[in-house]
Amino acid sequence: METHHNIPPTHPPYAPQIRRYQDWLQAQHGLRFDDYDALWRWSTTDLDAFWQSVWDYFDLQSPTPHRAVLAKNVMPGAQWFPGAQVNYARQVLRHVGAAQAAGQPALIGRNERGERRELSWPALRRQVAALALHMRAQGVQPGDRVAAYLPNIPETIVAFLACASIGAVWSLCAPDMGTHAVLDRFRQIAPTVLLAVDGVTYGGRDHDRCDVLAELRAQLPTLRHVVLVNNLDASKTVADTACYASVIARNDAETAAFEPAWLPFDHPLWIVYSSGTTGLPKPIVHGHGGMMLVMLQLAVLHNDIGCSYAPNSLGERYHWYSSTGWIMWNAQVGGLLGGTTCVLYDGNPGGSKERPDWTVLWRMAAEERVTFFGAGAAFYGHCMKAGITPAACGDLSAIRVLGSTGSPLPAEVQRWGSQLLASAGVPQVWWCNISGGTDFAGAFIGGNRELPQTPGRMQCRMLGAAVEAWDERGRPVLDAVGELVCTQPIPSMPLFLWGDADGARYRASYFEMYPPGHGRRPGGGDLGPEAGAVWRHGDWIEIGSSAHPGCVIYGRSDATINRHGLRMGTSEIYSAVEALPEVLDSLVVDLEYLGRASYMPLFVVLRSGLVLDDGLRARINDAIRASLSPRFLPDEIVQVAEVPRTLSGKKQELPVKKLLLGQPMDKVVNPDAMANPGCLAWYVDFAARRAAAVA
């Protein structure tokens, strides 16, 4: 980045970003580490020094000094950089001058219709200013919520930055989400402004969204203003809405003079949603400062994404395919914090149902000279099964990194991807496999360009992330599968959950399993009650020893549904399915443990005399598609006599999941604690038949 004036000039252009950071640590602070493990241990035991170094290395700015780095080291409730003032949008827009001089764009947007748009850094700044001033004129104040129902297009990023620049709180849902699912999210936060799209193109078909917009307006009484983004039809108008294109066309002295507001370090930036197994989706609030630090640490130090315009850069082009409903959209936007050009794609990466084509993103990457190509693990699996070849994809030689996340990446898929790139002229492509979550909008496990690669394994624990695998006694283990926990706070952990006045839901979501006093610190010594609770993430993880380095994520350790990186609470699926008059009860589980191919069966109890047929299966799928998203359609729907329940009436999702993963019944459930233990025999038999079928 252009701010690293003291990086030794001997580095060639391809020197890994994490090496440059370590050289800076040695030059500025005399800190030298023999290996990555030593660097990681320092970063997780001296939190003040590490996160201050991230602040300094990226030359973050504040008009007022911070009184401390970590003023209160406790989870939940850590207090970071009190006294500092920042703004996420200001950090992005500080790159305008240098990028303009170098002629590098900020955004490149592509879509299914073959349209290509390029947004320069000066144009990005002007449009952000115009929309921000428009929102201010509508009375939007710092802390007001701005909701967006938009796809992965440049306008969405402009709208987010405009919102952030004036201190409003951003919240985004994807247009492939059903009205019910969107309202379950937006109703909780009482937005005052809504930005919505007229429609989208996906899978070769246009999908009008004006009816959804009308329903959102009718069901969100706090809305004072609506902005329409014309994505399908430029001439489309909707009564009592502002036209986005007209708003951002503003170009006057006030626009030119606009500056993002200075805000407290922990001022709310956005609200994202992560579902548990019960209740409405959790509205998670992250702060400006924490997101800036963690996104820069992730994108630059670990993902090795350089600045697009610096003299020693590679002309960086960063693409991570994502829906706007996935936290990877936020991670994509995070590339702008470091001055990187971001390449967006709006549409189906697999073509259409009538004409499947898994070369779509690869051809885009070839044409745009993408250097970092990221996608969900499932995408690469689809490409392998489709048998795509470099000849069908174009010139992929600019790609130096393949990123993967969302679900475990099988070793054979990683080997296939490496072979694809080798055939395309990239013999040593680096896989940057990461795992984190919406909950803290970052990664716990990720990549390091200097470490060896093993297909099927992630390279390292992230700097600053005190991650361990804990056994059932709450003690760390190596080379064994355990609960993924984080024993120290990270700046991007949630400030709070919206509407959770006493913090009870926040604590129950992440800290209930390991309350204060559990475990040991990464550097040794017991965690006492003064250290607060320990973050339990809900994933199974194996952390390797020095003899077997790297990490493996084995899927969810709870009953939350994770489909290609998008999490959905089982309660939301039940709400959709059990609204059908034919369905009395239901249970859904998602199986991906130990890297097996994901399999999500839905068990349904029907009204007396009914039999599950193709027509009812279609109606169940239509209900899920309409209320939630096609992404959460089950792999199989099975009729059952009963759903296992506890004595208190709770559905026993996790025991059924473990049974289907091959664990013996006496290890996963206590029949004496069940209301209907007699039904378990059917599930045991089903698990045996399924195991035999996939063996």
# chains A, B, ... in the order shown; residues from 1 in each chain; ligands from 1

call {"tool": "residues_around", "arguments": {"residues": "segment 550-555 of chain A", "least_positions_apart": "6", "cutoff": "8 Å", "atoms": "only C-alpha atoms", "output": "ChimeraX atom specification"}}
result
/A:407-408,435,445,454,456-461,539-544,591-595

call {"tool": "select_by_dssp", "arguments": {"residues": "segment 100-260 of chain A", "states": "alpha helix (DSSP H)", "output": "ChimeraX atom specification"}}
result
/A:100-102,121-137,154-165,179-189,210-219,244-248,253-257

call {"tool": "select_by_dssp", "arguments": {"residues": "segment 427-654 of chain A", "states": "strand (DSSP E or B)", "output": "MDAnalysis selection string"}}
result
chainID A and resid 430:433 435:437 442:446 458 460:461 467:470 476 481:486 496:497 520 526 532 535:543 551:556 561:563 566:568 583:588 591 599 601:606 636:639 645:646 651

call {"tool": "closest_atom_pairs", "arguments": {"of": "segment 466-515 of chain A", "to": "segment 36-60 of chain A", "cutoff": "12 Å", "atoms": "only C-alpha atoms", "output": "JSON lines"}}
result
{"residue": "A:Ala466", "atom": "CA", "partner": "A:Thr44", "partner_atom": "CA", "distance": 5.3}
{"residue": "A:Val467", "atom": "CA", "partner": "A:Thr44", "partner_atom": "CA", "distance": 8.9}
{"residue": "A:Glu468", "atom": "CA", "partner": "A:Thr44", "partner_atom": "CA", "distance": 11.4}
{"residue": "A:Cys486", "atom": "CA", "partner": "A:Thr44", "partner_atom": "CA", "distance": 10.1}
{"residue": "A:Thr487", "atom": "CA", "partner": "A:Thr44", "partner_atom": "CA", "distance": 9.1}
{"residue": "A:Gln488", "atom": "CA", "partner": "A:Thr44", "partner_atom": "CA", "distance": 7.3}
{"residue": "A:Pro489", "atom": "CA", "partner": "A:Leu47", "partner_atom": "CA", "distance": 8.8}
{"residue": "A:Ile490", "atom": "CA", "partner": "A:Leu47", "partner_atom": "CA", "distance": 8.9}
{"residue": "A:Pro491", "atom": "CA", "partner": "A:Trp51", "partner_atom": "CA", "distance": 8.6}
{"residue": "A:Ser492", "atom": "CA", "partner": "A:Trp51", "partner_atom": "CA", "distance": 11.7}

call {"tool": "write_last_selection", "arguments": {"atoms": "N, CA and C atoms", "output": "CSV table (one decimal), in the first residue's frame"}}
result
chain,number,residue,atom,x,y,z
A,466,ALA,N,-7.2,-16.1,18.9
A,466,ALA,CA,-6.8,-17.1,19.9
A,466,ALA,C,-7.7,-18.3,19.8
A,467,VAL,N,-7.6,-19.0,18.7
A,467,VAL,CA,-8.5,-20.1,18.4
A,467,VAL,C,-7.9,-21.5,18.9
A,468,GLU,N,-8.8,-22.3,19.5
A,468,GLU,CA,-8.4,-23.6,19.9
A,468,GLU,C,-9.5,-24.6,19.7
A,486,CYS,N,-12.7,-19.4,20.8
A,486,CYS,CA,-11.8,-18.3,20.7
A,486,CYS,C,-11.7,-17.7,22.1
A,487,THR,N,-10.5,-17.8,22.7
A,487,THR,CA,-10.3,-17.4,24.1
A,487,THR,C,-10.0,-16.0,24.4
A,488,GLN,N,-9.8,-15.2,23.3
A,488,GLN,CA,-9.5,-13.8,23.5
A,488,GLN,C,-10.4,-13.0,22.5
A,489,PRO,N,-10.7,-11.8,22.9
A,489,PRO,CA,-11.5,-10.9,22.0
A,489,PRO,C,-10.8,-10.5,20.7
A,490,ILE,N,-11.6,-10.3,19.7
A,490,ILE,CA,-11.2,-9.8,18.4
A,490,ILE,C,-12.0,-8.5,18.2
A,491,PRO,N,-11.4,-7.5,17.6
A,491,PRO,CA,-12.1,-6.2,17.4
A,491,PRO,C,-13.4,-6.2,16.7
A,492,SER,N,-13.6,-7.2,15.8
A,492,SER,CA,-14.8,-7.3,15.0
A,492,SER,C,-15.9,-8.1,15.7

call {"tool": "residues_around", "arguments": {"residues": "Ala84 of chain A", "least_positions_apart": "2", "cutoff": "8 Å", "atoms": "only C-alpha atoms", "output": "count of residues only"}}
result
11

call {"tool": "atom_distance", "arguments": {"atom1": "atom CA of Trp329 of chain A", "atom2": "atom CA of Ala375 of chain A"}}
result
10.9 Å

call {"tool": "closest_residue", "arguments": {"among": "A:Ala148, A:Ile399, A:Ile305, A:Leu228", "to": "Ala15 of chain A", "atoms": "only C-alpha atoms"}}
result
A:Ile305

call {"tool": "closest_residue", "arguments": {"among": "A:Ala99, A:Leu606, A:Met674, A:Ala27", "to": "Glu316 of chain A", "atoms": "only C-alpha atoms"}}
result
A:Ala99

call {"tool": "residues_around", "arguments": {"residues": "Gln663 of chain A", "least_positions_apart": "3", "cutoff": "12 Å", "atoms": "only C-alpha atoms", "output": "list in words"}}
result
Tyr593, Leu654, Pro655, Val656, Lys657, Lys658, Leu659, Leu660, Asp666, Lys667, Val668, Val669, Tyr683, Val684, Ala687, Ala688 and Ala691 of chain A

call {"tool": "write_last_selection", "arguments": {"atoms": "all heavy atoms", "output": "tab-separated table (two decimals), in the first residue's frame"}}
result
chain	number	residue	atom	x	y	z
A	593	TYR	N	-20.21	-33.13	8.37
A	593	TYR	CA	-19.14	-33.45	9.31
A	593	TYR	C	-18.07	-34.31	8.66
A	593	TYR	O	-18.35	-35.19	7.84
A	593	TYR	CB	-19.72	-34.17	10.52
A	593	TYR	CG	-18.71	-34.59	11.57
A	593	TYR	CD1	-17.90	-33.65	12.18
A	593	TYR	CD2	-18.57	-35.91	11.95
A	593	TYR	CE1	-16.99	-34.02	13.15
A	593	TYR	CE2	-17.66	-36.30	12.91
A	593	TYR	CZ	-16.88	-35.34	13.51
A	593	TYR	OH	-15.97	-35.71	14.47
A	654	LEU	N	-29.85	-32.12	16.89
A	654	LEU	CA	-28.46	-32.55	16.98
A	654	LEU	C	-28.31	-34.06	17.19
A	654	LEU	O	-27.46	-34.69	16.55
A	654	LEU	CB	-27.73	-31.75	18.07
A	654	LEU	CG	-26.20	-31.81	18.04
A	654	LEU	CD1	-25.66	-31.42	16.68
A	654	LEU	CD2	-25.62	-30.90	19.12
A	655	PRO	N	-29.10	-34.69	18.06
A	655	PRO	CA	-29.00	-36.15	18.16
A	655	PRO	C	-29.29	-36.86	16.84
A	655	PRO	O	-28.60	-37.83	16.48
A	655	PRO	CB	-30.03	-36.51	19.24
A	655	PRO	CG	-30.09	-35.30	20.10
A	655	PRO	CD	-29.95	-34.15	19.14
A	656	VAL	N	-30.30	-36.41	16.11
A	656	VAL	CA	-30.60	-37.03	14.81
A	656	VAL	C	-29.43	-36.82	13.85
A	656	VAL	O	-29.04	-37.73	13.10
A	656	VAL	CB	-31.91	-36.47	14.24
A	656	VAL	CG1	-32.10	-36.91	12.78
A	656	VAL	CG2	-33.09	-36.92	15.08
A	657	LYS	N	-28.87	-35.62	13.88
A	657	LYS	CA	-27.71	-35.35	13.02
A	657	LYS	C	-26.57	-36.31	13.34
A	657	LYS	O	-25.95	-36.89	12.44
A	657	LYS	CB	-27.26	-33.89	13.21
A	657	LYS	CG	-26.04	-33.49	12.41
A	657	LYS	CD	-25.73	-32.02	12.61
A	657	LYS	CE	-24.50	-31.59	11.82
A	657	LYS	NZ	-24.25	-30.14	11.93
A	658	LYS	N	-26.29	-36.51	14.60
A	658	LYS	CA	-25.19	-37.41	14.99
A	658	LYS	C	-25.50	-38.85	14.62
A	658	LYS	O	-24.59	-39.60	14.22
A	658	LYS	CB	-24.91	-37.26	16.49
A	658	LYS	CG	-24.29	-35.91	16.86
A	658	LYS	CD	-24.02	-35.82	18.35
A	658	LYS	CE	-23.34	-34.50	18.71
A	658	LYS	NZ	-23.08	-34.38	20.17
A	659	LEU	N	-26.75	-39.27	14.75
A	659	LEU	CA	-27.12	-40.62	14.33
A	659	LEU	C	-26.85	-40.81	12.84
A	659	LEU	O	-26.29	-41.83	12.42
A	659	LEU	CB	-28.60	-40.89	14.62
A	659	LEU	CG	-29.02	-41.16	16.07
A	659	LEU	CD1	-30.54	-41.26	16.15
A	659	LEU	CD2	-28.37	-42.43	16.59
A	660	LEU	N	-27.20	-39.83	12.05
A	660	LEU	CA	-27.01	-39.93	10.61
A	660	LEU	C	-25.53	-39.83	10.22
A	660	LEU	O	-25.16	-40.21	9.11
A	660	LEU	CB	-27.81	-38.85	9.90
A	660	LEU	CG	-29.34	-38.96	10.04
A	660	LEU	CD1	-30.03	-37.83	9.30
A	660	LEU	CD2	-29.83	-40.30	9.51
A	666	ASP	N	-26.55	-44.73	21.90
A	666	ASP	CA	-26.31	-44.52	23.32
A	666	ASP	C	-25.31	-43.41	23.59
A	666	ASP	O	-25.14	-42.97	24.73
A	666	ASP	CB	-25.85	-45.83	23.99
A	666	ASP	CG	-24.56	-46.37	23.38
A	666	ASP	OD1	-24.12	-45.85	22.33
A	666	ASP	OD2	-23.98	-47.31	23.97
A	667	LYS	N	-24.62	-42.95	22.53
A	667	LYS	CA	-23.65	-41.86	22.69
A	667	LYS	C	-24.24	-40.49	22.39
A	667	LYS	O	-23.62	-39.47	22.68
A	667	LYS	CB	-22.45	-42.09	21.76
A	667	LYS	CG	-21.67	-43.37	22.04
A	667	LYS	CD	-20.94	-43.30	23.36
A	667	LYS	CE	-20.05	-44.53	23.56
A	667	LYS	NZ	-19.37	-44.50	24.89
A	668	VAL	N	-25.43	-40.45	21.79
A	668	VAL	CA	-25.94	-39.17	21.33
A	668	VAL	C	-27.26	-38.74	21.98
A	668	VAL	O	-27.63	-37.57	21.89
A	668	VAL	CB	-26.11	-39.16	19.80
A	668	VAL	CG1	-24.79	-39.43	19.11
A	668	VAL	CG2	-27.17	-40.15	19.35
A	669	VAL	N	-27.98	-39.66	22.61
A	669	VAL	CA	-29.26	-39.28	23.16
A	669	VAL	C	-29.60	-40.15	24.37
A	669	VAL	O	-29.22	-41.33	24.42
A	669	VAL	CB	-30.38	-39.41	22.09
A	669	VAL	CG1	-30.59	-40.85	21.67
A	669	VAL	CG2	-31.68	-38.77	22.57
A	683	TYR	N	-35.12	-43.80	12.99
A	683	TYR	CA	-34.00	-42.96	12.56
A	683	TYR	C	-32.69	-43.76	12.55
A	683	TYR	O	-31.84	-43.54	11.69
A	683	TYR	CB	-33.89	-41.73	13.47
A	683	TYR	CG	-35.01	-40.75	13.25
A	683	TYR	CD1	-36.19	-40.83	14.00
A	683	TYR	CD2	-34.93	-39.77	12.29
A	683	TYR	CE1	-37.23	-39.95	13.80
A	683	TYR	CE2	-35.98	-38.86	12.08
A	683	TYR	CZ	-37.12	-38.98	12.84
A	683	TYR	OH	-38.16	-38.10	12.63
A	684	VAL	N	-32.53	-44.66	13.51
A	684	VAL	CA	-31.34	-45.52	13.51
A	684	VAL	C	-31.33	-46.38	12.25
A	684	VAL	O	-30.29	-46.53	11.58
A	684	VAL	CB	-31.31	-46.40	14.78
A	684	VAL	CG1	-30.19	-47.43	14.69
A	684	VAL	CG2	-31.15	-45.53	16.02
A	687	ALA	N	-30.53	-44.23	9.24
A	687	ALA	CA	-29.10	-43.91	9.20
A	687	ALA	C	-28.30	-45.09	8.65
A	687	ALA	O	-27.36	-44.90	7.86
A	687	ALA	CB	-28.61	-43.53	10.60
A	688	ALA	N	-28.67	-46.32	9.05
A	688	ALA	CA	-27.96	-47.50	8.56
A	688	ALA	C	-28.16	-47.68	7.06
A	688	ALA	O	-27.21	-48.00	6.32
A	688	ALA	CB	-28.43	-48.74	9.32
A	691	ALA	N	-26.14	-45.02	5.25
A	691	ALA	CA	-24.70	-45.33	5.27
A	691	ALA	C	-24.36	-46.41	4.26
A	691	ALA	O	-23.33	-46.34	3.56
A	691	ALA	CB	-24.28	-45.75	6.67
